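Trainee: My file is target.csv. It has CSV, C-alpha atoms:
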```
chain,number,residue,atom,x,y,z
A,1,MET,CA,22.2,11.4,16.4
A,2,ARG,CA,24.6,13.4,14.2
A,3,PHE,CA,27.6,13.0,11.8
A,4,PRO,CA,30.7,13.6,14.0
A,5,GLU,CA,32.3,16.3,11.7
A,6,PHE,CA,29.5,18.8,12.3
A,7,LYS,CA,29.2,21.1,15.2
A,8,GLY,CA,27.0,24.1,16.2
A,9,GLU,CA,23.3,24.4,16.9
A,10,TRP,CA,20.6,24.0,14.3
A,11,LYS,CA,18.4,27.0,13.7
A,12,GLU,CA,14.6,27.2,13.7
A,13,THR,CA,13.1,28.1,10.3
A,14,THR,CA,9.8,27.8,8.5
A,15,LEU,CA,8.9,26.2,5.2
A,16,GLY,CA,8.0,29.6,3.8
A,17,LYS,CA,11.6,30.8,4.4
A,18,CYS,CA,13.0,27.8,2.5
A,19,VAL,CA,11.1,28.5,-0.8
A,20,ILE,CA,12.0,30.8,-3.7
A,21,GLN,CA,8.5,32.2,-4.0
A,22,PRO,CA,5.1,31.9,-2.1
A,23,LEU,CA,3.7,28.4,-2.3
A,24,ASP,CA,1.5,28.2,-5.3
A,25,TYR,CA,-1.6,26.1,-6.1
A,26,GLY,CA,-2.0,23.7,-9.0
A,27,MET,CA,-4.2,24.0,-12.0
A,28,ASN,CA,-8.0,23.6,-11.5
A,29,VAL,CA,-9.4,21.8,-14.5
A,30,ALA,CA,-12.8,20.2,-14.4
A,31,ALA,CA,-12.6,17.9,-17.5
A,32,ILE,CA,-9.7,15.4,-17.7
A,33,THR,CA,-8.7,13.6,-20.8
A,34,TYR,CA,-5.7,11.5,-21.8
A,35,ASP,CA,-3.6,12.7,-24.7
A,36,GLY,CA,-1.1,9.8,-24.6
A,37,GLU,CA,1.9,11.9,-23.7
A,38,ASN,CA,1.7,14.4,-20.7
A,39,LYS,CA,1.2,13.3,-17.1
A,40,TYR,CA,-1.1,15.1,-14.8
A,41,ILE,CA,-0.5,14.4,-11.1
A,42,ARG,CA,-3.3,14.4,-8.6
A,43,ILE,CA,-3.4,13.7,-4.8
A,44,THR,CA,-4.4,10.1,-5.5
A,45,ASP,CA,-1.3,9.6,-7.6
A,46,ILE,CA,1.0,9.8,-4.6
A,47,ASP,CA,1.5,6.7,-2.6
A,48,GLU,CA,1.0,7.3,1.1
A,49,GLN,CA,3.9,5.0,2.3
A,50,SER,CA,6.6,5.5,-0.3
A,51,SER,CA,5.8,9.1,-1.4
A,52,GLN,CA,6.3,7.9,-5.0
A,53,TYR,CA,4.3,8.9,-8.1
A,54,ILE,CA,2.2,5.8,-8.7
A,55,SER,CA,-0.4,6.6,-11.3
A,56,ASP,CA,-0.8,3.7,-13.8
A,57,SER,CA,-2.9,6.0,-16.1
A,58,PRO,CA,-1.0,9.2,-16.8
A,59,VAL,CA,-3.5,11.9,-17.8
A,60,SER,CA,-3.5,15.5,-18.8
A,61,PRO,CA,-6.2,18.1,-18.5
A,62,ALA,CA,-8.3,19.1,-21.4
A,63,GLY,CA,-7.5,22.6,-22.8
A,64,GLN,CA,-4.3,24.5,-22.5
A,65,LEU,CA,-1.4,23.2,-20.5
A,66,LEU,CA,0.5,26.0,-18.9
A,67,ASP,CA,4.3,25.6,-18.3
A,68,LYS,CA,4.0,27.3,-14.9
A,69,TYR,CA,2.2,24.2,-13.7
A,70,ILE,CA,5.1,21.8,-14.6
A,71,VAL,CA,6.7,20.1,-11.6
A,72,GLU,CA,10.5,20.7,-11.7
A,73,GLU,CA,13.6,19.3,-10.0
A,74,ASN,CA,13.6,19.8,-6.2
A,75,ASP,CA,9.9,20.8,-6.2
A,76,ILE,CA,7.8,19.4,-3.3
A,77,LEU,CA,4.1,18.9,-3.6
A,78,PHE,CA,1.7,19.1,-0.6
A,79,ALA,CA,-1.9,17.8,-0.6
A,80,ARG,CA,-4.1,20.6,0.7
A,81,THR,CA,-7.5,19.1,1.2
A,82,GLY,CA,-9.5,16.0,2.0
A,83,ALA,CA,-8.3,12.8,3.6
A,84,SER,CA,-5.0,13.1,1.9
A,85,THR,CA,-4.1,16.5,3.6
A,86,GLY,CA,-0.5,16.5,4.5
A,87,LYS,CA,0.6,13.9,2.0
A,88,THR,CA,3.8,15.0,0.2
A,89,TYR,CA,5.8,14.1,-2.9
A,90,LEU,CA,9.3,15.1,-4.0
A,91,TYR,CA,9.7,15.3,-7.8
A,92,LYS,CA,12.1,12.8,-9.4
A,93,LYS,CA,13.3,13.0,-12.9
A,94,LYS,CA,12.4,9.4,-13.5
A,95,ASP,CA,8.7,10.4,-13.3
A,96,GLY,CA,9.0,12.4,-16.4
A,97,LYS,CA,7.2,15.6,-17.3
A,98,LEU,CA,4.4,16.3,-14.8
A,99,TYR,CA,1.7,18.9,-14.4
A,100,PHE,CA,0.1,19.3,-11.0
A,101,ALA,CA,-3.6,19.5,-10.1
A,102,GLY,CA,-5.5,22.1,-8.1
A,103,PHE,CA,-5.7,20.2,-4.9
A,104,LEU,CA,-1.9,20.2,-4.6
A,105,ILE,CA,0.4,23.0,-3.5
A,106,ARG,CA,4.0,23.4,-4.8
A,107,ALA,CA,7.0,24.4,-2.8
A,108,LYS,CA,10.0,25.5,-5.0
A,109,ILE,CA,13.0,25.1,-2.6
A,110,LYS,CA,15.9,27.6,-2.5
A,111,THR,CA,19.3,26.5,-3.7
A,112,GLU,CA,20.8,27.2,-0.3
A,113,CYS,CA,18.5,24.5,1.1
A,114,ASN,CA,18.6,20.8,0.3
A,115,SER,CA,15.1,19.7,-1.0
A,116,THR,CA,15.6,16.1,0.2
A,117,PHE,CA,16.4,17.4,3.7
A,118,ILE,CA,13.3,19.7,3.6
A,119,PHE,CA,11.2,16.8,2.3
A,120,ALA,CA,12.4,14.6,5.1
A,121,GLN,CA,10.8,17.0,7.6
A,122,THR,CA,7.4,16.0,6.2
A,123,LYS,CA,8.0,12.4,7.2
A,124,THR,CA,8.5,12.9,11.0
A,125,VAL,CA,6.1,12.3,13.8
A,126,ARG,CA,6.3,16.0,14.6
A,127,TYR,CA,5.0,16.9,11.1
A,128,TYR,CA,2.1,14.3,11.3
A,129,LYS,CA,1.0,15.8,14.6
A,130,TRP,CA,1.2,19.3,13.1
A,131,VAL,CA,-0.9,18.2,10.1
A,132,ARG,CA,-3.6,16.6,12.4
A,133,PHE,CA,-3.8,19.8,14.4
A,134,MET,CA,-3.8,22.2,11.5
A,135,SER,CA,-6.3,20.2,9.3
A,136,ILE,CA,-9.1,20.2,11.8
A,137,ARG,CA,-12.0,22.0,10.2
A,138,SER,CA,-15.8,22.1,10.7
A,139,GLY,CA,-16.2,20.3,7.4
A,140,GLN,CA,-13.5,18.8,5.1
A,141,PRO,CA,-9.9,18.7,6.4
A,142,GLY,CA,-7.5,21.1,4.7
A,143,ILE,CA,-4.3,23.2,5.0
A,144,ASN,CA,-3.8,26.2,2.8
A,145,SER,CA,-0.5,27.6,1.4
A,146,GLN,CA,0.0,30.2,4.1
A,147,GLU,CA,-0.5,27.6,6.8
A,148,TYR,CA,2.0,25.2,5.1
A,149,ALA,CA,4.5,28.1,4.9
A,150,SER,CA,4.2,28.6,8.6
A,151,TYR,CA,5.4,25.0,9.4
A,152,ARG,CA,8.4,25.3,11.7
A,153,PHE,CA,11.4,22.9,12.0
A,154,LEU,CA,15.1,23.0,12.8
A,155,ILE,CA,17.7,23.2,10.1
A,156,PRO,CA,21.6,22.9,10.0
A,157,GLN,CA,24.1,24.4,7.6
A,158,LYS,CA,23.9,23.3,4.0
A,159,GLU,CA,26.8,20.9,4.2
A,160,GLU,CA,25.2,19.0,7.0
A,161,GLN,CA,21.8,19.0,5.2
A,162,ASP,CA,23.5,17.6,2.1
A,163,LYS,CA,25.1,14.7,4.0
A,164,ILE,CA,21.9,13.8,5.8
A,165,ALA,CA,20.0,14.0,2.6
A,166,LYS,CA,22.5,11.8,0.8
A,167,PHE,CA,22.3,9.2,3.6
A,168,LEU,CA,18.4,9.2,3.5
A,169,SER,CA,18.4,9.0,-0.3
A,170,LEU,CA,20.6,5.9,-0.1
A,171,LEU,CA,18.2,4.3,2.3
A,172,ASP,CA,15.2,5.3,0.1
A,173,SER,CA,17.0,3.7,-2.9
A,174,ARG,CA,17.4,0.5,-0.9
A,175,ILE,CA,13.7,0.6,0.0
A,176,GLU,CA,12.8,1.1,-3.6
A,177,ALA,CA,15.0,-1.9,-4.6
A,178,GLN,CA,13.3,-4.0,-1.9
A,179,ILE,CA,9.9,-3.1,-3.2
A,180,LYS,CA,11.0,-4.1,-6.7
A,181,ILE,CA,12.3,-7.5,-5.4
A,182,ILE,CA,8.9,-8.1,-3.9
A,183,GLU,CA,7.0,-7.1,-7.0
A,184,ASP,CA,9.2,-9.4,-9.1
A,185,LEU,CA,8.6,-12.3,-6.8
A,186,LYS,CA,4.9,-11.8,-7.0
A,187,LYS,CA,5.1,-11.8,-10.8
A,188,LEU,CA,7.1,-15.0,-10.6
A,189,LYS,CA,4.4,-16.5,-8.4
A,190,SER,CA,1.7,-15.5,-10.8
A,191,SER,CA,3.6,-17.0,-13.7
A,192,LEU,CA,4.1,-20.3,-11.8
A,193,LEU,CA,0.4,-20.4,-11.0
A,194,ASP,CA,-0.4,-20.1,-14.7
A,195,LEU,CA,2.1,-22.8,-15.6
A,196,LEU,CA,1.2,-25.2,-12.8
A,197,PHE,CA,-2.6,-25.0,-13.4
A,198,GLN,CA,-2.8,-24.8,-17.2
A,199,ASN,CA,-2.0,-28.4,-18.1
A,200,ASN,CA,-4.9,-29.9,-16.1
A,201,SER,CA,-6.7,-32.0,-18.8
A,202,LYS,CA,-5.9,-35.2,-16.8
A,203,TRP,CA,-7.1,-33.8,-13.5
A,204,SER,CA,-10.4,-34.8,-12.0
A,205,THR,CA,-13.3,-32.3,-12.3
A,206,TYR,CA,-15.5,-31.6,-9.3
A,207,CYS,CA,-18.0,-29.0,-8.1
A,208,ILE,CA,-16.6,-27.1,-5.2
A,209,SER,CA,-19.3,-28.7,-3.0
A,210,ASP,CA,-17.9,-32.1,-3.8
A,211,VAL,CA,-14.5,-31.4,-2.2
A,212,LEU,CA,-15.3,-29.1,0.8
A,213,THR,CA,-17.9,-27.6,3.0
A,214,ILE,CA,-18.6,-23.8,3.2
A,215,GLY,CA,-19.3,-22.3,6.6
A,216,ASN,CA,-20.9,-18.9,7.4
A,217,GLY,CA,-19.1,-16.3,9.4
A,218,ARG,CA,-20.9,-14.9,12.4
A,219,ASP,CA,-21.1,-11.7,14.5
A,220,TYR,CA,-18.4,-11.5,17.2
A,221,LYS,CA,-19.7,-8.5,19.2
A,222,HIS,CA,-21.0,-10.7,22.0
A,223,LEU,CA,-17.5,-12.0,22.6
A,224,LYS,CA,-14.9,-10.6,25.0
A,225,GLU,CA,-11.3,-9.5,24.2
A,226,GLY,CA,-8.9,-12.4,23.8
A,227,ASN,CA,-6.2,-13.9,21.6
A,228,ILE,CA,-8.3,-15.5,18.9
A,229,PRO,CA,-8.1,-13.5,15.6
A,230,VAL,CA,-11.2,-12.2,13.9
A,231,TYR,CA,-11.1,-11.8,10.1
A,232,GLY,CA,-13.2,-9.9,7.6
A,233,THR,CA,-12.8,-9.5,3.9
A,234,GLY,CA,-10.1,-6.9,4.5
A,235,GLY,CA,-8.1,-9.3,6.7
A,236,TYR,CA,-7.4,-9.2,10.5
A,237,MET,CA,-9.8,-7.1,12.5
A,238,LEU,CA,-9.2,-7.7,16.3
A,239,SER,CA,-8.9,-10.6,18.8
A,240,VAL,CA,-11.6,-12.3,20.9
A,241,ASN,CA,-11.9,-15.0,23.5
A,242,ASP,CA,-13.7,-17.7,21.4
A,243,TYR,CA,-13.2,-19.4,18.0
A,244,LEU,CA,-15.6,-20.3,15.2
A,245,TYR,CA,-13.3,-22.9,13.7
A,246,GLU,CA,-9.9,-24.6,14.4
A,247,GLY,CA,-7.7,-26.0,11.6
A,248,GLU,CA,-6.7,-25.1,8.1
A,249,SER,CA,-9.2,-23.2,6.1
A,250,VAL,CA,-9.6,-21.1,2.9
A,251,CYS,CA,-11.8,-18.0,3.3
A,252,ILE,CA,-13.8,-16.3,0.5
A,253,GLY,CA,-15.5,-13.0,0.7
A,254,ARG,CA,-19.3,-13.2,0.8
A,255,LYS,CA,-19.7,-9.4,0.4
A,256,GLY,CA,-17.3,-6.6,-0.4
A,257,THR,CA,-13.9,-7.9,-1.4
A,258,ILE,CA,-14.8,-11.2,-3.0
A,259,ASP,CA,-11.6,-11.8,-5.1
A,260,MET,CA,-9.0,-12.1,-2.3
A,261,PRO,CA,-9.1,-15.6,-0.9
A,262,MET,CA,-7.0,-16.1,2.3
A,263,PHE,CA,-5.5,-19.1,3.9
A,264,LEU,CA,-6.0,-19.4,7.7
A,265,THR,CA,-4.8,-22.0,10.2
A,266,GLY,CA,-5.3,-22.6,13.9
A,267,LYS,CA,-8.2,-21.0,15.9
A,268,PHE,CA,-10.0,-18.1,14.3
A,269,TRP,CA,-13.4,-16.3,13.9
A,270,THR,CA,-14.8,-14.9,10.7
A,271,VAL,CA,-17.5,-12.2,10.4
A,272,ASP,CA,-20.6,-12.6,8.4
A,273,THR,CA,-19.1,-11.1,5.2
A,274,LEU,CA,-16.5,-13.9,5.0
A,275,PHE,CA,-17.1,-17.6,4.3
A,276,TYR,CA,-14.7,-20.2,5.7
A,277,THR,CA,-14.2,-23.7,4.5
A,278,TYR,CA,-13.7,-27.1,6.2
A,279,ASN,CA,-14.2,-30.9,5.8
A,280,PHE,CA,-11.8,-31.1,2.8
A,281,ARG,CA,-12.2,-34.2,0.6
A,282,ASN,CA,-9.7,-35.2,-2.0
A,283,ILE,CA,-8.1,-31.8,-1.8
A,284,LEU,CA,-5.4,-30.3,0.4
A,285,PRO,CA,-6.5,-27.0,2.1
A,286,ARG,CA,-3.2,-25.4,0.9
A,287,PHE,CA,-3.8,-26.5,-2.7
A,288,CYS,CA,-7.4,-25.3,-2.4
A,289,TYR,CA,-6.1,-21.8,-1.5
A,290,TYR,CA,-3.8,-21.7,-4.6
A,291,LEU,CA,-6.7,-23.0,-6.7
A,292,PHE,CA,-9.0,-20.3,-5.4
A,293,THR,CA,-6.5,-17.6,-6.4
A,294,THR,CA,-6.8,-18.7,-10.0
A,295,ILE,CA,-10.6,-18.3,-10.1
A,296,ASN,CA,-12.1,-15.1,-11.5
A,297,TRP,CA,-14.5,-14.5,-8.6
A,298,SER,CA,-15.9,-11.3,-10.1
A,299,ARG,CA,-17.4,-13.4,-12.8
A,300,TYR,CA,-19.8,-14.9,-10.2
A,301,ASN,CA,-20.7,-11.6,-8.6
A,302,GLU,CA,-24.5,-11.5,-7.9
A,303,ALA,CA,-25.0,-7.8,-7.1
A,304,SER,CA,-25.0,-4.6,-9.1
A,305,GLY,CA,-23.7,-2.6,-6.1
A,306,VAL,CA,-21.4,-4.0,-3.5
A,307,PRO,CA,-19.9,-7.3,-4.9
A,308,SER,CA,-21.5,-10.3,-3.4
A,309,LEU,CA,-21.3,-14.1,-3.6
A,310,SER,CA,-23.7,-16.8,-2.3
A,311,LYS,CA,-22.8,-20.2,-0.9
A,312,THR,CA,-25.0,-21.8,-3.6
A,313,THR,CA,-23.1,-20.1,-6.4
A,314,ILE,CA,-19.7,-21.0,-5.0
A,315,GLU,CA,-20.7,-24.7,-4.5
A,316,LYS,CA,-21.7,-25.1,-8.1
A,317,ILE,CA,-18.3,-23.8,-9.5
A,318,LYS,CA,-16.4,-26.6,-11.3
A,319,VAL,CA,-12.7,-27.0,-10.5
A,320,SER,CA,-10.0,-29.4,-11.7
A,321,VAL,CA,-8.0,-31.2,-9.0
A,322,PRO,CA,-5.0,-33.5,-9.5
A,323,SER,CA,-3.9,-36.4,-7.2
A,324,LEU,CA,-2.9,-35.7,-3.7
A,325,ASN,CA,0.8,-36.3,-4.5
A,326,GLU,CA,0.7,-33.8,-7.4
A,327,GLN,CA,-1.1,-31.3,-5.1
A,328,GLU,CA,1.8,-31.7,-2.6
A,329,ARG,CA,4.4,-31.0,-5.3
A,330,ILE,CA,2.5,-27.9,-6.5
A,331,CYS,CA,2.1,-26.6,-3.0
A,332,SER,CA,5.8,-27.2,-2.3
A,333,ILE,CA,6.8,-25.0,-5.2
A,334,LEU,CA,4.4,-22.2,-4.5
A,335,ASP,CA,5.0,-22.3,-0.7
A,336,SER,CA,8.7,-21.8,-1.3
A,337,VAL,CA,8.0,-18.6,-3.3
A,338,ASN,CA,5.5,-17.4,-0.7
A,339,ILE,CA,8.1,-18.0,2.1
A,340,LYS,CA,10.6,-15.9,0.1
A,341,ILE,CA,8.1,-13.1,-0.5
A,342,ASN,CA,7.3,-13.0,3.2
A,343,ILE,CA,11.0,-12.8,4.1
A,344,GLU,CA,11.5,-9.9,1.7
A,345,ILE,CA,8.4,-8.2,3.0
A,346,SER,CA,9.9,-8.5,6.5
A,347,ILE,CA,13.2,-7.0,5.3
A,348,LEU,CA,11.3,-4.1,3.8
A,349,ALA,CA,9.4,-3.5,7.0
A,350,LYS,CA,12.8,-3.4,8.9
A,351,PHE,CA,14.2,-0.8,6.4
A,352,LYS,CA,11.1,1.4,6.9
A,353,THR,CA,11.4,1.0,10.7
A,354,GLN,CA,15.1,2.0,10.4
A,355,LYS,CA,14.2,5.0,8.3
A,356,SER,CA,11.5,6.1,10.8
A,357,TYR,CA,14.0,5.7,13.7
A,358,LEU,CA,16.6,7.7,11.9
A,359,LEU,CA,14.2,10.5,11.1
A,360,ARG,CA,13.2,10.7,14.8
A,361,GLN,CA,16.9,10.9,15.8
```
Please go through the file and, once you have read it, give me the structure as structure tokens.
Mentor:
Amino acid sequence: MRFPEFKGEWKETTLGKCVIQPLDYGMNVAAITYDGENKYIRITDIDEQSSQYISDSPVSPAGQLLDKYIVEENDILFARTGASTGKTYLYKKKDGKLYFAGFLIRAKIKTECNSTFIFAQTKTVRYYKWVRFMSIRSGQPGINSQEYASYRFLIPQKEEQDKIAKFLSLLDSRIEAQIKIIEDLKKLKSSLLDLLFQNNSKWSTYCISDVLTIGNGRDYKHLKEGNIPVYGTGGYMLSVNDYLYEGESVCIGRKGTIDMPMFLTGKFWTVDTLFYTYNFRNILPRFCYYLFTTINWSRYNEASGVPSLSKTTIEKIKVSVPSLNEQERICSILDSVNIKINIEISILAKFKTQKSYLLRQ
């Protein structure tokens, strides 16, 4: 796939030939403090999917901050060690002044190359395969600066690089806008939950055991492969040939992730770290799900290590429940927002698939 106005063969090059100077390492600083102004980017501050700077807590190292460690326009950062090896980030002005840490390697791209085009080479299947091959070590995975510099790819003339980069940047901007749409809808849903559940003085108060029954998840390993989904606290795991329950249910984590209730319907199986609910009385399962998302489950945590909840503790929690008609109205409002969120998530997935396809082509 190519823009029609360009002809001629692309030439093979290496990352090392596209940089102004040898790839350099970030600043190694043991103590980290926050000075309220400067941002200090680490491997964990780069989002795997979007390659955006995502730290909510900008920090800077204690001691002297050296200007040579400032990330500048067109710089690309590469993670060099650990599970994040191969992760990359292209600096954007909107991220402000950034210093980069010792587990990152910086590539300063030459002006005769387009940094967005070079960065796109790190989002291809070919690059991911290369990272997997290069990062194999006897201990912790890692790729050093010389190895990154040796990465080979094909490159056209600057004019064609620029056009491809502009096109990909437009698609990235649309993806960022889509992410913002989803974030705003989730904030709207959160605000609606607060509004719909705050004026509940006239609602009836029950213990959770009064309105539903809690069932225990079970081991699935004796089952064969099938089309019945198995869920754990992290969500869908695999599919088997038998089911533990059929119908609408709200699941709550027994151990591990205890603050992420999920609504399930149809046939399913849950593992022993996930409770499921059934036999609903005076409460709609869908309303129960929204109600459970308003509960601070961490407050009922019974373990000092891995978060845990017991069936007895959950059953004693008091909740306020309106009439079935009002439950229906509340669910209708929140369901409509959920449907909209799911539509926008689907659109986002299509944009990402489109970008992946274009990178391959």
Trainee: Kindly give the distance, in Å, that separates atom CA of Ile175 of chain A and atom CA of Lys352 of chain A, rounded to a single decimal.
Mentor: 7.4 Å
Trainee: Restricting the calculation to only C-alpha atoms: of A:Ile118, A:Leu348, A:Ile258, A:Val319, which residue gets closest to Cys207 of chain A?
Mentor: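 Nearest to Cys207 of chain A: A:Val319.
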Trainee: Residues near Met1 of chain A, anyone? I mean within 12 Å using only C-alpha atoms, not counting same-chain ones fewer than 3 positions away, as a short mmCIF file (atom, residue, chain, number, x, y, z; two decimals) with C-alpha atoms, keeping the file's coordinate frame.
Mentor:
```
data_model
loop_
_atom_site.label_atom_id
_atom_site.label_comp_id
_atom_site.auth_asym_id
_atom_site.auth_seq_id
_atom_site.Cartn_x
_atom_site.Cartn_y
_atom_site.Cartn_z
CA PRO A 4 30.70 13.60 14.00
CA PHE A 6 29.50 18.80 12.30
CA ILE A 164 21.90 13.80 5.80
CA TYR A 357 14.00 5.70 13.70
CA LEU A 358 16.60 7.70 11.90
CA LEU A 359 14.20 10.50 11.10
CA ARG A 360 13.20 10.70 14.80
CA GLN A 361 16.90 10.90 15.80
#
```
Trainee: As an exercise, work out the distance from atom CA of Thr265 of chain A to atom CA of Ile181 of chain A in Å and give it to one decimal place.
Mentor: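 Distance between the two atoms: 27.3 Å.
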Trainee: Ranking A:Ser190, A:Ser320, A:Thr293, A:Thr122 by minimum distance to Lys202 of chain A and counting all atoms listed in the file, which one comes first?
Mentor: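 Nearest to Lys202 of chain A: A:Ser320.
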Trainee: Find the residues around Leu244 of chain A up to 9 Å (all atoms listed in the file counted), leave out those fewer than 3 positions away in its own chain, and share them as a list of chain:residue names.
Mentor: A:Gly217, A:Arg218, A:Lys267, A:Phe268, A:Trp269, A:Thr270
Trainee: Just write the chosen residues, C-alpha atoms, as a short mmCIF file (atom, residue, chain, number, x, y, z; two decimals), keeping the file's coordinate frame.
Mentor:
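Below is the file that was written, part-v7.cif:
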```cif
data_model
loop_
_atom_site.label_atom_id
_atom_site.label_comp_id
_atom_site.auth_asym_id
_atom_site.auth_seq_id
_atom_site.Cartn_x
_atom_site.Cartn_y
_atom_site.Cartn_z
CA GLY A 217 -19.10 -16.30 9.40
CA ARG A 218 -20.90 -14.90 12.40
CA LYS A 267 -8.20 -21.00 15.90
CA PHE A 268 -10.00 -18.10 14.30
CA TRP A 269 -13.40 -16.30 13.90
CA THR A 270 -14.80 -14.90 10.70
#
```
Trainee: Do you know which residues lie at most 8 Å from (7.8, 19.7, -16.2), with coordinates as in the file and all atoms listed in the file counted, and could you write them as a PyMOL selection string?
Mentor: chain A and resi 67+69-72+96-99
Trainee: Please write as a count of residues only the list of polymer residues whose atoms come within 7 Å of (6.7, 23.6, 3.8), counting only C-alpha atoms and keeping to the coordinates of the file.
Mentor: 6
